[in-house]
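Down below is the structure, laid out as structure tokens.
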Amino acid sequence: MFDLDLITKNYQHLSAKIVKAKKHLKRPLTLSEKILYSHLYGEQVLTDFKRGTDYVDFAPDRVAMQDATAQMALLQFMNSGKSKTAVPSTVHCDHLIQASKNGLADLEDAIKINKEVYDFLESVSNKYGIGFWKPGAGIIHQVVLENYAFPGGMMIGTDSHTVNAGGLGMVAIGVGGADAVDVMAGMAWELKFPKLIGVKLTGKLSGWTAPKDIILKVAGILTVKGGTGAIIEYFGEGATSISCTGKGTICNMGAEVGATTSTFGYDESMERYLRATGRAAVADLANGVKEHLTADPEVYANPEKYFDQVIEINLDELEPYINGPFTPDRATPISKMAEVAKENGWPTKIEVGLIGSCTNSSYEDISRAASLAQQAVDKNLKTKAEFTITPGSELVRYTIERDGFIDTFNKIGASVFANACGPCIGQWSRPGAEKGEKNTIIHSFNRNFSKRADGNPNTHAFVASPEIVTALAIAGDLSFNPLTDYLTNQNGEKVKLDIPSGLELPSKGFDVEDAGYQAPAENGSTVVIKVDPVSSRLQLLQPFQAWDGNNLRGAKLLIKAKGKCTTDHISMAGPWLRFRGHLDNISNNMLIGAVNAFNDQPNKVKNQLTGEYGEVPAVQRAYKAAGIATLVVGDQNYGEGSSREHAAMEPRHLGVKAVIVKSFARIHETNLKKQGMLGLTFAQDADYDKIQEDDTFNFVDLKEFAPGKQLTLEIIHSDQTQDTIKLNHTYNQQQIDWFKAGSALDLIRKQNQ
Ligand code: MIC
Ligand code: SF4
């Protein structure tokens, strides 16, 4: 068991901290507030923080990093001058394993292909006291839920789905690597005090409906930006009736509405899960401080008084949902899918059904999906689509194999991939994907942005619960509604699938032979970290240049991006994941997925120096070589999705100075600030339309850059007419200092010198 001392200490001080906060605020507290106020950083003065406005310093309990982001995080940490991380931290090798043949073979290949990176992560972990989860151990969020998450705790992780740990009553937040460095270096971690959204769940899930359907519905209500800057707190009788892992699924996919995180109050489902995963001692401790691990009763009795927004969902009436394609908030109840698919011309033949991932691979999920696979066998149905399973951890994989579920899936021709991200992040070598054919897949993951699973922009990916994915894979048809429709079996008989059934937790307990954990050396001071100077995969970081103190003049437009521009568009994953530790090489994917507003094409922008069109990274390198600053313009919710700071470091490295958009996703905006970029928003959304392809820009008052004060941008059009517009920003003084120093890390470096 990990962290028992840390948790004991946390709970010992919890009551005093909450009493103090309540005395000050003079009101009952939500769970989110209890966790936030009990994790204020040492020097942070306690006040009634203004939600959505005040920057507050926090002291999270731990840090988790996954391999694709840990490389950059640790390359930065190595420059911080510390000999050990200040809080317990872990690294998880999950993103770099490609799903191709089967779990074992794919793992072996990954270990060969990524040897240099794994060796680097292992030795850095060993040196700085970081727990190391080897390739094959599982996906970061599942491993965290099984081993580290605890009710009332606060953690950050370099992955947007860190929020998964809300399933065990944590405030767990996804961040860029530079934020993780702050916490690992023992400094304060700054966050704008979140707004609070309460989701009241009445009734009880039943039949075909699963926890996933709750978040699919919430995504439809809030949309991909409706949760920005807010914590979503779930409560009500419906909440307590959901399993702990089901709560994890709901919190996990809260990242898809932009929420800072989501959480649930401590209850018996969490206690059961803690006991089942070998943490009875944590459950006992939590039971001792129960009242502090949920909101005060007044809050849930009168939620409108305490939350900024309240949503109510009656689980008795909730239907299964299917969200997509191309965006996770396009929510369609299953009873409407046939009609909606027809109207939109979506291909209804399902080619592949994929279950698992960090979002949905609990024992409960797998057992319910397996009950449907068994029915297919018993009812003599032929499974029409291909079917794959990506277990979230070795603990789950070992246990479901022991309990016969893998055998059941094999009977419907399933492939079991490694315990890793695989197809969820474009690490799927899907035969034929390169042909770019229009086709449909359905999965139980969380994101379905264009190209995300297999690199094919014409793959229509739909998101649903594992149960619905399995049923629809059996039917091979997106318009099939298992609640009402019949299928024809191999004897020509009409049969109906029964309601899925499963077990919340394994009746024989969880089991595993080798969970894949490696503890760090007691004293890592002698561990030497080698980075080969000619490596294509790892590159030591050089400081960024400090601001020269002048107004920025004569900047050119690199790209005006149109519509959705997620971090997958800015810094694509899949094949590019291999360069996550090499800033110069990965910069060759900068914005290659963004659609140019002037020609509706990706990766084709005008080079104003030559008048010719070229690929975004190449054109930007040409500006850089000519010493010309550039800026990037974008639409709403720019940088939605991942926590990958590469999406901010690449433009920084290649010489883009500012990103000006209608609105930002939270993590990306912070990443831009941390890396010393100007992340600004149009004061008037309509000013986006004023930006022309051949424009030149002057920041006329950058010298007066100050908190709460707008910046002014002069736009010189090619016909010499001009527009002057105002830009908003959310920089506080410290963040302005990052900009001036070159980046947050460069500021720390200077202060330490
Ligand atoms: C994702 O789901 O997009 C990822 C891959 O896990 C990312 C992290 C990354 O880009 O490495 C995330 O969600 O933060
Ligand atoms: Fe991995 Fe997908 Fe989960 Fe991201 S969302 S951590 S890529 S499984």
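By convention in this document, the chains of the structure tokens carry letters A, B, ... by their order, each chain's residues are numbered from 1, and ligands are numbered from 1 in the order they are shown.
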Between range 308-402 of chain A and range 276-300 of chain A, at 12 Å or less, what are the per-residue closest atom pairs and their distances in Å? Count only C-alpha atoms, order by chain and rising residue number, and return it as CSV.
residue,atom,partner,partner_atom,distance
A:Val310,CA,A:Tyr300,CA,10.6
A:Glu312,CA,A:Tyr300,CA,11.9
A:Tyr363,CA,A:Ala276,CA,11.3
A:Leu395,CA,A:Thr277,CA,9.4
A:Val396,CA,A:Thr277,CA,10.6
A:Thr399,CA,A:Thr277,CA,11.9
How would the residues just picked look written out with N, CA and C atoms as a PDB file, in the first residue's frame?
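Writing the result to out_6.pdb gives the following:
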ATOM      1  N   VAL A 310     -26.612  24.497 -11.412  1.00  0.00           N
ATOM      2  CA  VAL A 310     -27.045  23.166 -10.985  1.00  0.00           C
ATOM      3  C   VAL A 310     -27.751  22.467 -12.144  1.00  0.00           C
ATOM      4  N   GLU A 312     -29.832  18.850 -13.076  1.00  0.00           N
ATOM      5  CA  GLU A 312     -30.448  17.689 -12.437  1.00  0.00           C
ATOM      6  C   GLU A 312     -30.714  16.620 -13.488  1.00  0.00           C
ATOM      7  N   TYR A 363     -13.602  -3.697 -13.741  1.00  0.00           N
ATOM      8  CA  TYR A 363     -14.122  -5.068 -13.678  1.00  0.00           C
ATOM      9  C   TYR A 363     -15.612  -5.063 -14.015  1.00  0.00           C
ATOM     10  N   LEU A 395      -3.704  -5.330 -13.278  1.00  0.00           N
ATOM     11  CA  LEU A 395      -4.565  -5.871 -12.210  1.00  0.00           C
ATOM     12  C   LEU A 395      -5.918  -6.288 -12.786  1.00  0.00           C
ATOM     13  N   VAL A 396      -6.481  -5.420 -13.600  1.00  0.00           N
ATOM     14  CA  VAL A 396      -7.767  -5.745 -14.213  1.00  0.00           C
ATOM     15  C   VAL A 396      -7.590  -6.878 -15.232  1.00  0.00           C
ATOM     16  N   THR A 399      -7.131 -10.265 -13.607  1.00  0.00           N
ATOM     17  CA  THR A 399      -8.341 -10.721 -12.926  1.00  0.00           C
ATOM     18  C   THR A 399      -9.429 -11.135 -13.928  1.00  0.00           C
TER      19      THR A 399
END
What residues have any atom no more than 9 Å from ligand 1 when counting only C-alpha atoms and all ligand atoms, and can you list them as an MDAnalysis selection string? chainID A and resid 66:70 95 157:162 174:176 255 358 421 424:426 446:447 452 567:568 571:574 577 580 641:647
Output C-alpha atoms for every residue in that selection, as a PDB file, in the first residue's frame.
ATOM      1  CA  GLN A  66       2.543   9.510 -18.202  1.00  0.00           C
ATOM      2  CA  ASP A  67       5.403   8.715 -20.548  1.00  0.00           C
ATOM      3  CA  ALA A  68       4.338  10.960 -23.430  1.00  0.00           C
ATOM      4  CA  THR A  69       4.247  14.054 -21.217  1.00  0.00           C
ATOM      5  CA  ALA A  70       6.691  12.947 -18.490  1.00  0.00           C
ATOM      6  CA  HIS A  95       1.043   6.016 -24.261  1.00  0.00           C
ATOM      7  CA  GLY A 157      -1.114  14.904 -13.300  1.00  0.00           C
ATOM      8  CA  THR A 158       0.393  15.670 -16.678  1.00  0.00           C
ATOM      9  CA  ASP A 159      -2.593  14.361 -18.551  1.00  0.00           C
ATOM     10  CA  SER A 160      -6.037  15.868 -18.921  1.00  0.00           C
ATOM     11  CA  HIS A 161      -7.765  12.716 -17.707  1.00  0.00           C
ATOM     12  CA  THR A 162      -6.072  12.873 -14.301  1.00  0.00           C
ATOM     13  CA  GLY A 174      -4.713  17.719 -15.392  1.00  0.00           C
ATOM     14  CA  VAL A 175      -1.826  20.112 -16.028  1.00  0.00           C
ATOM     15  CA  GLY A 176       1.116  20.720 -18.323  1.00  0.00           C
ATOM     16  CA  ALA A 255     -12.313  16.579 -19.273  1.00  0.00           C
ATOM     17  CA  CYS A 358      -8.533   4.660 -19.006  1.00  0.00           C
ATOM     18  CA  CYS A 421      -3.611   3.774 -24.453  1.00  0.00           C
ATOM     19  CA  CYS A 424      -7.379   5.792 -27.965  1.00  0.00           C
ATOM     20  CA  ILE A 425      -4.414   7.934 -28.953  1.00  0.00           C
ATOM     21  CA  GLY A 426      -3.723   6.957 -32.522  1.00  0.00           C
ATOM     22  CA  ASN A 446     -13.542   9.597 -24.155  1.00  0.00           C
ATOM     23  CA  ARG A 447     -12.350  11.552 -27.200  1.00  0.00           C
ATOM     24  CA  ARG A 452      -7.585  10.496 -33.245  1.00  0.00           C
ATOM     25  CA  THR A 567      -4.355  20.013 -29.071  1.00  0.00           C
ATOM     26  CA  ASP A 568      -4.613  17.072 -31.498  1.00  0.00           C
ATOM     27  CA  SER A 571       0.420  18.819 -31.894  1.00  0.00           C
ATOM     28  CA  MET A 572      -0.874  15.563 -33.242  1.00  0.00           C
ATOM     29  CA  ALA A 573      -0.305  12.333 -31.297  1.00  0.00           C
ATOM     30  CA  GLY A 574      -0.171   8.874 -32.967  1.00  0.00           C
ATOM     31  CA  LEU A 577       4.343  10.524 -29.883  1.00  0.00           C
ATOM     32  CA  ARG A 580       7.668  13.882 -27.252  1.00  0.00           C
ATOM     33  CA  GLY A 641      -8.370  18.359 -25.153  1.00  0.00           C
ATOM     34  CA  SER A 642      -4.999  17.238 -24.004  1.00  0.00           C
ATOM     35  CA  SER A 643      -2.603  18.638 -21.426  1.00  0.00           C
ATOM     36  CA  ARG A 644       0.367  18.225 -23.784  1.00  0.00           C
ATOM     37  CA  GLU A 645       2.544  21.307 -23.332  1.00  0.00           C
ATOM     38  CA  HIS A 646       4.191  20.550 -26.658  1.00  0.00           C
ATOM     39  CA  ALA A 647       1.246  22.445 -28.139  1.00  0.00           C
TER      40      ALA A 647
END
Would you please give, as a VMD selection string, all residues of range 442-476 of chain A that DSSP assigns to helix (DSSP H, G or I) based on the backbone? chain A and resid 466 to 475
Excluding Tyr234 in chain A and any residue of its chain fewer than 4 positions from it, enumerate the residues within 9 Å of it, using only C-alpha atoms, and give them as a list in words. Ile197, Gly198, Val199, Lys200, Leu201, Ala239, Ser262, Thr263, Phe264 and Gly265 of chain A
Figure out the distance between CA of Ser415 in chain A and CA of Lys101 in chain A, please, to one decimal in Å.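 Answer for the CA of Lys101 in chain A to CA of Ser415 in chain A separation: 8.0 Å.
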With a distance cut-off of 7 Å and only C-alpha atoms, select the neighbouring residues of Lys562 in chain A, excluding the residue or stretch itself and same-chain residues fewer than 3 positions from it, and output the selection as number ranges by chain. A: 595-597, 634-635
Could you check how far CA of Ser125 in chain A sits from CA of Gly153 in chain A, in Å to one decimal?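 Rounded to one decimal, the two atoms are 22.9 Å apart.
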